[in-house]
$ cat run-v8.cif   # mmCIF, C-alpha atoms
data_model
#
loop_
_atom_site.group_PDB
_atom_site.id
_atom_site.type_symbol
_atom_site.label_atom_id
_atom_site.label_comp_id
_atom_site.auth_asym_id
_atom_site.auth_seq_id
_atom_site.Cartn_x
_atom_site.Cartn_y
_atom_site.Cartn_z
ATOM 1 C CA MET H 1 -6.692 51.080 -120.598
ATOM 2 C CA THR H 2 -4.660 53.750 -122.223
ATOM 3 C CA GLU H 3 -1.092 54.576 -121.298
ATOM 4 C CA GLY H 4 -0.964 56.890 -118.294
ATOM 5 C CA SER H 5 -4.409 55.862 -117.071
ATOM 6 C CA PRO H 6 -4.775 54.259 -113.632
ATOM 7 C CA VAL H 7 -4.175 50.520 -113.385
ATOM 8 C CA PHE H 8 -6.615 50.233 -110.470
ATOM 9 C CA ARG H 9 -9.725 52.379 -110.190
ATOM 10 C CA LEU H 10 -12.559 52.024 -107.696
ATOM 11 C CA SER H 11 -15.787 53.967 -108.063
ATOM 12 C CA VAL H 12 -19.160 54.020 -106.336
ATOM 13 C CA TRP H 13 -22.312 54.600 -108.360
ATOM 14 C CA GLN H 14 -25.943 55.307 -107.576
ATOM 15 C CA GLN H 15 -29.084 55.489 -109.650
ATOM 16 C CA ALA H 16 -29.178 58.823 -111.435
ATOM 17 C CA ASN H 17 -31.846 61.222 -110.365
ATOM 18 C CA SER H 18 -31.619 63.488 -113.346
ATOM 19 C CA ARG H 19 -34.182 66.120 -114.157
ATOM 20 C CA TRP H 20 -32.638 66.444 -117.620
ATOM 21 C CA LYS H 21 -33.177 64.265 -120.635
ATOM 22 C CA VAL H 22 -30.122 62.269 -121.658
ATOM 23 C CA ALA H 23 -29.198 61.438 -125.244
ATOM 24 C CA VAL H 24 -26.177 59.453 -126.377
ATOM 25 C CA SER H 25 -25.118 59.430 -130.024
ATOM 26 C CA HIS H 26 -24.212 56.152 -131.694
ATOM 27 C CA SER H 27 -20.584 57.229 -132.187
ATOM 28 C CA GLU H 28 -20.212 57.967 -128.456
ATOM 29 C CA VAL H 29 -21.714 54.593 -127.587
ATOM 30 C CA ASP H 30 -19.277 52.804 -129.921
ATOM 31 C CA GLN H 31 -16.325 54.638 -128.366
ATOM 32 C CA GLU H 32 -17.450 53.681 -124.866
ATOM 33 C CA ARG H 33 -17.516 49.895 -125.500
ATOM 34 C CA ASN H 34 -21.261 49.924 -126.093
ATOM 35 C CA LEU H 35 -21.906 50.855 -122.477
ATOM 36 C CA MET H 36 -25.549 51.481 -123.276
ATOM 37 C CA ASP H 37 -25.871 47.730 -123.960
ATOM 38 C CA LEU H 38 -24.694 47.076 -120.397
ATOM 39 C CA LEU H 39 -27.411 49.261 -118.867
ATOM 40 C CA GLN H 40 -30.732 47.694 -118.025
ATOM 41 C CA PRO H 41 -33.773 49.376 -119.601
ATOM 42 C CA GLY H 42 -34.569 52.560 -117.692
ATOM 43 C CA GLU H 43 -31.365 52.373 -115.630
ATOM 44 C CA LEU H 44 -28.932 55.249 -115.651
ATOM 45 C CA LEU H 45 -26.180 55.530 -113.046
ATOM 46 C CA GLU H 46 -24.091 58.437 -111.822
ATOM 47 C CA GLU H 47 -20.684 58.239 -110.193
ATOM 48 C CA ILE H 48 -20.607 59.563 -106.636
ATOM 49 C CA TYR H 49 -17.063 58.580 -105.631
ATOM 50 C CA SER H 50 -13.875 57.636 -107.447
ATOM 51 C CA TRP H 51 -10.413 56.665 -106.225
ATOM 52 C CA HIS H 52 -7.244 55.453 -107.884
ATOM 53 C CA PRO H 53 -3.628 55.351 -106.693
ATOM 54 C CA GLY H 54 -2.257 56.961 -109.857
ATOM 55 C CA GLU H 55 -0.387 54.772 -112.313
ATOM 56 C CA ALA H 56 0.717 52.362 -109.550
ATOM 57 C CA ASP H 57 -1.058 49.043 -109.133
ATOM 58 C CA PRO H 58 -1.715 48.596 -105.386
ATOM 59 C CA LEU H 59 -1.461 44.819 -105.813
ATOM 60 C CA THR H 60 2.077 44.886 -107.254
ATOM 61 C CA PRO H 61 3.870 44.739 -103.866
ATOM 62 C CA LEU H 62 1.896 41.641 -102.867
ATOM 63 C CA ASP H 63 3.306 38.167 -103.295
ATOM 64 C CA GLY H 64 1.672 35.906 -105.879
ATOM 65 C CA GLU H 65 -0.728 34.096 -103.547
ATOM 66 C CA ARG H 66 -1.968 37.255 -101.830
ATOM 67 C CA ALA H 67 -2.290 39.188 -105.120
ATOM 68 C CA ASP H 68 -4.259 36.304 -106.675
ATOM 69 C CA LYS H 69 -6.665 36.250 -103.699
ATOM 70 C CA PHE H 70 -7.149 40.020 -103.817
ATOM 71 C CA ARG H 71 -7.917 39.822 -107.534
ATOM 72 C CA ARG H 72 -10.275 36.845 -107.235
ATOM 73 C CA ILE H 73 -12.203 38.242 -104.257
ATOM 74 C CA LEU H 74 -12.167 41.938 -105.034
ATOM 75 C CA LEU H 75 -11.725 42.593 -108.731
ATOM 76 C CA GLU H 76 -13.662 39.889 -110.551
ATOM 77 C CA PRO H 77 -17.091 40.375 -108.884
ATOM 78 C CA PHE H 78 -17.044 44.156 -109.405
ATOM 79 C CA ARG H 79 -16.213 44.368 -113.105
ATOM 80 C CA ILE H 80 -18.435 46.411 -115.423
ATOM 81 C CA GLU H 81 -19.707 43.253 -117.113
ATOM 82 C CA HIS H 82 -21.765 42.485 -113.994
ATOM 83 C CA PRO H 83 -25.053 44.374 -113.542
ATOM 84 C CA ALA H 84 -25.100 47.068 -110.856
ATOM 85 C CA GLN H 85 -27.469 44.941 -108.747
ATOM 86 C CA GLU H 86 -24.749 42.261 -108.476
ATOM 87 C CA ARG H 87 -22.144 44.874 -107.502
ATOM 88 C CA GLY H 88 -24.143 46.345 -104.615
ATOM 89 C CA MET H 89 -22.834 47.342 -101.218
ATOM 90 C CA SER H 90 -24.011 44.102 -99.585
ATOM 91 C CA ARG H 91 -21.862 42.143 -102.070
ATOM 92 C CA PHE H 92 -18.987 44.571 -101.400
ATOM 93 C CA ARG H 93 -19.353 43.902 -97.645
ATOM 94 C CA GLU H 94 -19.210 40.133 -98.287
ATOM 95 C CA ALA H 95 -16.057 40.566 -100.391
ATOM 96 C CA LEU H 96 -14.352 42.608 -97.654
ATOM 97 C CA GLU H 97 -15.294 40.025 -95.030
ATOM 98 C CA GLN H 98 -13.831 37.301 -97.228
ATOM 99 C CA LEU H 99 -10.661 39.389 -97.672
ATOM 100 C CA ASP H 100 -10.426 39.725 -93.906
ATOM 101 C CA ARG H 101 -10.701 35.948 -93.467
ATOM 102 C CA ASP H 102 -8.513 34.812 -96.364
ATOM 103 C CA VAL H 103 -5.904 37.523 -96.812
ATOM 104 C CA ALA H 104 -5.463 38.895 -93.299
ATOM 105 C CA SER H 105 -4.158 35.530 -92.117
ATOM 106 C CA LEU H 106 -1.292 35.624 -94.612
ATOM 107 C CA PRO H 107 2.008 37.141 -93.457
ATOM 108 C CA SER H 108 2.246 40.825 -94.268
ATOM 109 C CA ASP H 109 5.360 42.916 -94.541
ATOM 110 C CA TRP H 110 5.907 46.590 -94.124
ATOM 111 C CA SER H 111 7.967 48.043 -96.928
ATOM 112 C CA SER H 112 9.384 51.406 -97.853
ATOM 113 C CA THR H 113 7.402 53.497 -100.264
ATOM 114 C CA PRO H 114 8.996 53.444 -103.713
ATOM 115 C CA GLU H 115 8.922 57.218 -104.107
ATOM 116 C CA PRO H 116 10.096 60.033 -101.831
ATOM 117 C CA THR H 117 7.414 61.369 -99.541
ATOM 118 C CA PRO H 118 5.628 64.600 -100.369
ATOM 119 C CA PHE H 119 6.467 65.895 -96.910
ATOM 120 C CA ASP H 120 9.209 68.393 -96.242
ATOM 121 C CA LEU H 121 11.431 66.092 -94.205
ATOM 122 C CA PRO H 122 15.041 66.877 -93.263
ATOM 123 C CA THR H 123 16.658 64.423 -95.695
ATOM 124 C CA GLU H 124 16.157 64.086 -99.431
ATOM 125 C CA GLU H 125 16.021 60.282 -99.226
ATOM 126 C CA SER H 126 13.065 60.172 -96.795
ATOM 127 C CA SER H 127 10.346 57.617 -97.334
ATOM 128 C CA LEU H 128 7.551 56.130 -95.299
ATOM 129 C CA ASP H 129 6.954 52.480 -94.524
ATOM 130 C CA ALA H 130 3.685 51.085 -95.840
ATOM 131 C CA ASN H 131 1.669 47.924 -95.405
ATOM 132 C CA VAL H 132 -0.096 47.800 -98.765
ATOM 133 C CA PRO H 133 -2.677 45.072 -98.019
ATOM 134 C CA LEU H 134 -3.632 46.711 -94.722
ATOM 135 C CA ALA H 135 -3.830 50.211 -96.227
ATOM 136 C CA LEU H 136 -5.968 48.992 -99.129
ATOM 137 C CA ARG H 137 -8.315 47.041 -96.839
ATOM 138 C CA LEU H 138 -8.708 50.044 -94.509
ATOM 139 C CA HIS H 139 -9.540 52.299 -97.438
ATOM 140 C CA LEU H 140 -12.067 49.804 -98.778
ATOM 141 C CA ARG H 141 -13.651 49.579 -95.309
ATOM 142 C CA TRP H 142 -13.963 53.382 -95.316
ATOM 143 C CA VAL H 143 -15.673 53.251 -98.722
ATOM 144 C CA LEU H 144 -18.125 50.669 -97.390
ATOM 145 C CA SER H 145 -18.932 52.601 -94.202
ATOM 146 C CA THR H 146 -19.364 55.840 -96.144
ATOM 147 C CA PHE H 147 -21.620 54.587 -98.948
ATOM 148 C CA GLU H 148 -23.384 51.473 -97.646
ATOM 149 C CA HIS H 149 -26.513 53.465 -96.712
ATOM 150 C CA VAL H 150 -26.872 55.135 -100.117
ATOM 151 C CA PRO H 151 -29.926 53.552 -101.783
ATOM 152 C CA GLY H 152 -28.964 51.501 -104.829
ATOM 153 C CA ALA H 153 -25.228 52.174 -104.469
ATOM 154 C CA SER H 154 -22.923 49.830 -106.353
ATOM 155 C CA VAL H 155 -19.164 49.392 -106.691
ATOM 156 C CA LEU H 156 -17.172 49.228 -109.899
ATOM 157 C CA ILE H 157 -13.497 48.245 -109.916
ATOM 158 C CA LEU H 158 -11.446 48.507 -113.082
#

$ encode --input "run-v8.cif" --output "structure tokens"
Amino acid sequence: MTEGSPVFRLSVWQQANSRWKVAVSHSEVDQERNLMDLLQPGELLEEIYSWHPGEADPLTPLDGERADKFRRILLEPFRIEHPAQERGMSRFREALEQLDRDVASLPSDWSSTPEPTPFDLPTEESSLDANVPLALRLHLRWVLSTFEHVPGASVLIL
């Protein structure tokens, strides 16, 4: 990824229902890592949701064991190299259930946010405590409950 781009990015995709013809030039395909090669014949997807926490990696505050489990369970199965059918919402549900079993049992600490809060609080040094694994899991659960009934929806995590 380029400098300044998000370290972690989650997006939900569905099969495109375009009434317009789509053409992609060879130079655009080359610039986009030959993404057309990753599409199955006749398959075109459109992004319906995207989330990233800015330039911060949400796994950074986790200890080594917990970060490794998050990456193995959550990131690897939802990479762009896997076809959309393998990144579907049922697979996403399985990954979240595995996270609940494997990661929730590990000790979890609340820590202060590294940056001042955006709220107008009385002191300049104000910050909020956060439980990063819990917050991430709750957000992922929301994504699942919101998009699991969208036909053909799939998850991509970069």

$ atom_distance --input "run-v8.cif" --atom1 "CA of Leu156 (chain H)" --atom2 "CA of Arg9 (chain H)"
8.1 Å

$ closest_residue --input "run-v8.cif" --among "H:Val7, H:Leu99, H:Asp68, H:Phe78" --to "Gly54 (chain H)" --atoms "all atoms listed in the file"
H:Val7

$ residues_around --input "run-v8.cif" --residues "Gln98 (chain H)" --least-positions-apart "2" --cutoff "12 Å" --atoms "only C-alpha atoms" --output "ChimeraX atom specification"
/H:69-70,72-74,91-96,100-105,137

$ write_last_selection --input "run-v8.cif" --atoms "C-alpha atoms" --output "compact mmCIF listing (two decimals), in the coordinates of the input"
# COMPACT_ATOMS: atom_id res chain seq x y z
CA LYS H 69 -6.66 36.25 -103.70
CA PHE H 70 -7.15 40.02 -103.82
CA ARG H 72 -10.28 36.84 -107.24
CA ILE H 73 -12.20 38.24 -104.26
CA LEU H 74 -12.17 41.94 -105.03
CA ARG H 91 -21.86 42.14 -102.07
CA PHE H 92 -18.99 44.57 -101.40
CA ARG H 93 -19.35 43.90 -97.64
CA GLU H 94 -19.21 40.13 -98.29
CA ALA H 95 -16.06 40.57 -100.39
CA LEU H 96 -14.35 42.61 -97.65
CA ASP H 100 -10.43 39.72 -93.91
CA ARG H 101 -10.70 35.95 -93.47
CA ASP H 102 -8.51 34.81 -96.36
CA VAL H 103 -5.90 37.52 -96.81
CA ALA H 104 -5.46 38.90 -93.30
CA SER H 105 -4.16 35.53 -92.12
CA ARG H 137 -8.32 47.04 -96.84

$ closest_residue --input "run-v8.cif" --among "H:Asp129, H:Ile157, H:Pro83, H:Gly152" --to "Asn17 (chain H)" --atoms "all atoms listed in the file"
H:Gly152

$ closest_residue --input "run-v8.cif" --among "H:Leu59, H:Arg141, H:Phe147, H:Ser90" --to "Leu75 (chain H)" --atoms "all atoms listed in the file"
H:Leu59

$ atom_distance --input "run-v8.cif" --atom1 "CA of Arg66 (chain H)" --atom2 "CA of Leu134 (chain H)"
11.9 Å

$ closest_residue --input "run-v8.cif" --among "H:Leu136, H:Val143, H:Leu45, H:Ala67" --to "Trp13 (chain H)" --atoms "only C-alpha atoms"
H:Leu45

$ atom_distance --input "run-v8.cif" --atom1 "CA of Pro77 (chain H)" --atom2 "CA of Asp63 (chain H)"
21.3 Å

$ resolve_selection --input "run-v8.cif" --expression "the PyMOL selection byres ((chain H and resi 48) around 7)" --output "number ranges by chain"
H: 12-14, 46-47, 49

$ closest_residue --input "run-v8.cif" --among "H:Leu10, H:Ala84, H:Leu62, H:Ala16" --to "Ala130 (chain H)" --atoms "all atoms listed in the file"
H:Leu62

$ closest_residue --input "run-v8.cif" --among "H:Leu158, H:Glu65, H:Glu97, H:Glu76" --to "Ser50 (chain H)" --atoms "all atoms listed in the file"
H:Leu158
